[in-house]
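A quick write-up on the structure given underneath.
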Amino acid sequence: MSPGTGSALRLLAASVDAKAVAEIGTGTGVSGIHLLHGMRPDGVLTTVDPEPEHQQFARQAFRASGFASNRARFIPGRALDVLPRLADAGYDLVFCDGDRQEVMDYLAESLRLLRPGGLVVFEGVFANGRTVDSGPQPTEVLRLRELLRAVRESQELLPSLLPVGDGLLCAVKR
């Protein structure tokens, strides 16, 4: 994750006064650290990843960054198996950085999870410039194009595409 993307995540979390954030794709914990820095001091990050070792590494990174263990809830598993168990309208922000093949399902789950005025954010939507390239593209790029179109055309969302890192697609739930 680029420093600009991390800075944008902090700003976005702060702009919605985030107390509850869901993250799809824990990775090494870099995005989670940025989100936690932008969240309220009593906020909790719920992070989902199919790789338990990623979550262990992120747990150590959060601790090294000075976050108390009660600031993050780690749920191992495939996002589309875990997200349906999370509370409807219980989240201020949902950050999606998981399997690009599943972005449309992440969008549907995010709309259910977000409170009105909440924010959904997708990382990497430029796909290294491939989403605007006119040549034949892999399925993951076609899914990203479908996501961009769906968010743009949704009456339920107010979108913006931020040109930081590899592209952040942000949308406020009306």
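Convention: chains lettered A, B, ... in structure tokens order; per-chain residue numbering from 1; ligands numbered from 1 as shown.
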Query raised in the report: Any idea what's packed within 12 Å of Gln56 in chain A, counting only C-alpha atoms, ignoring anything in its chain fewer than 4 positions away? Could you give it as a ChimeraX atom specification?
Result: /A:26-29,47-52,60-63,72-76
Requested in this report: Determine which residues of chain A DSSP labels as alpha helix (DSSP H) from the backbone of this structure, then write them out as a ChimeraX atom specification.
Outcome: /A:3-15,30-38,52-64,79-82,103-113,139-153
Can those selected residues be exported to a file as a compact mmCIF listing (two decimals), in the first residue's frame so that it contains C-alpha atoms?
```txt
# COMPACT_ATOMS: atom_id res chain seq x y z
CA PRO A 3 1.79 6.14 1.65
CA GLY A 4 -0.83 8.19 -0.22
CA THR A 5 -3.34 5.35 -0.02
CA GLY A 6 -2.66 4.93 3.69
CA SER A 7 -3.09 8.65 4.28
CA ALA A 8 -6.39 8.59 2.37
CA LEU A 9 -7.63 5.66 4.47
CA ARG A 10 -6.85 7.54 7.69
CA LEU A 11 -8.69 10.58 6.38
CA LEU A 12 -11.70 8.55 5.24
CA ALA A 13 -12.00 6.75 8.59
CA ALA A 14 -11.78 10.08 10.42
CA SER A 15 -14.29 11.75 8.08
CA VAL A 30 -0.64 -2.01 6.90
CA SER A 31 -4.12 -0.89 5.84
CA GLY A 32 -5.49 -1.82 9.27
CA ILE A 33 -2.93 0.39 10.99
CA HIS A 34 -3.93 3.34 8.79
CA LEU A 35 -7.61 2.70 9.44
CA LEU A 36 -7.05 2.45 13.21
CA HIS A 37 -5.15 5.75 13.19
CA GLY A 38 -8.17 7.44 11.58
CA PRO A 52 -4.40 -17.13 9.72
CA GLU A 53 -0.68 -16.38 9.40
CA HIS A 54 -1.52 -13.01 7.79
CA GLN A 55 -3.68 -12.21 10.79
CA GLN A 56 -0.96 -13.24 13.24
CA PHE A 57 1.51 -10.96 11.49
CA ALA A 58 -1.03 -8.10 11.50
CA ARG A 59 -1.76 -8.67 15.20
CA GLN A 60 1.96 -8.21 15.94
CA ALA A 61 2.11 -5.11 13.70
CA PHE A 62 -0.89 -3.55 15.49
CA ARG A 63 0.71 -4.22 18.88
CA ALA A 64 4.05 -2.77 17.69
CA ALA A 79 -14.87 -13.10 3.38
CA LEU A 80 -18.08 -14.30 1.74
CA ASP A 81 -18.47 -16.93 4.49
CA VAL A 82 -17.75 -14.48 7.34
CA VAL A 103 -15.86 -7.52 -5.65
CA MET A 104 -19.53 -7.48 -6.67
CA ASP A 105 -20.37 -9.76 -3.73
CA TYR A 106 -18.29 -7.53 -1.43
CA LEU A 107 -20.31 -4.54 -2.64
CA ALA A 108 -23.60 -6.27 -1.84
CA GLU A 109 -22.40 -7.29 1.62
CA SER A 110 -20.99 -3.80 2.26
CA LEU A 111 -24.34 -2.18 1.49
CA ARG A 112 -25.95 -4.45 4.07
CA LEU A 113 -23.22 -3.86 6.67
CA THR A 139 -11.61 -11.79 -15.49
CA GLU A 140 -10.47 -9.84 -12.42
CA VAL A 141 -10.25 -6.64 -14.50
CA LEU A 142 -13.68 -7.30 -16.00
CA ARG A 143 -15.04 -7.66 -12.45
CA LEU A 144 -13.46 -4.33 -11.48
CA ARG A 145 -15.06 -2.66 -14.51
CA GLU A 146 -18.41 -4.17 -13.48
CA LEU A 147 -17.89 -2.82 -9.95
CA LEU A 148 -17.03 0.67 -11.19
CA ARG A 149 -20.14 0.71 -13.39
CA ALA A 150 -22.42 -0.61 -10.62
CA VAL A 151 -21.22 1.95 -8.09
CA ARG A 152 -21.47 4.80 -10.61
CA GLU A 153 -25.03 3.84 -11.58
```
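A straight line drawn from CA of Val21 in chain A to CA of Pro41 in chain A is 12.6 Å long.
Across the structure, CA of Leu86 in chain A and CA of Gly98 in chain A are spaced 16.9 Å apart.
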Report task. Run DSSP on the backbone and grab whatever in range 109-158 of chain A lands in strand (DSSP E); send it over as number ranges by chain. Result -> A: 114-123, 157-158
Requested in this report: Using only C-alpha atoms, find the one residue out of A:Ile24, A:Leu45, A:Ala68, A:Val94 that sits nearest to Val120 in chain A.
Outcome: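 Once distances to Val120 in chain A are computed over only C-alpha atoms, the minimum belongs to A:Val94.
All residues of protein, DNA or RNA that reach within 12 Å of Pro116 in chain A, judged by only C-alpha atoms and not counting those fewer than 2 positions away in the chain, are Val16, Asp88, Ala89, Gly90, Tyr91, Asp92, Leu93, Ser110, Leu111, Arg112, Leu113, Leu114, Gly118, Leu119, Val120, Glu156, Leu157, Leu158, Ala171, Val172, Lys173 and Arg174 of chain A.
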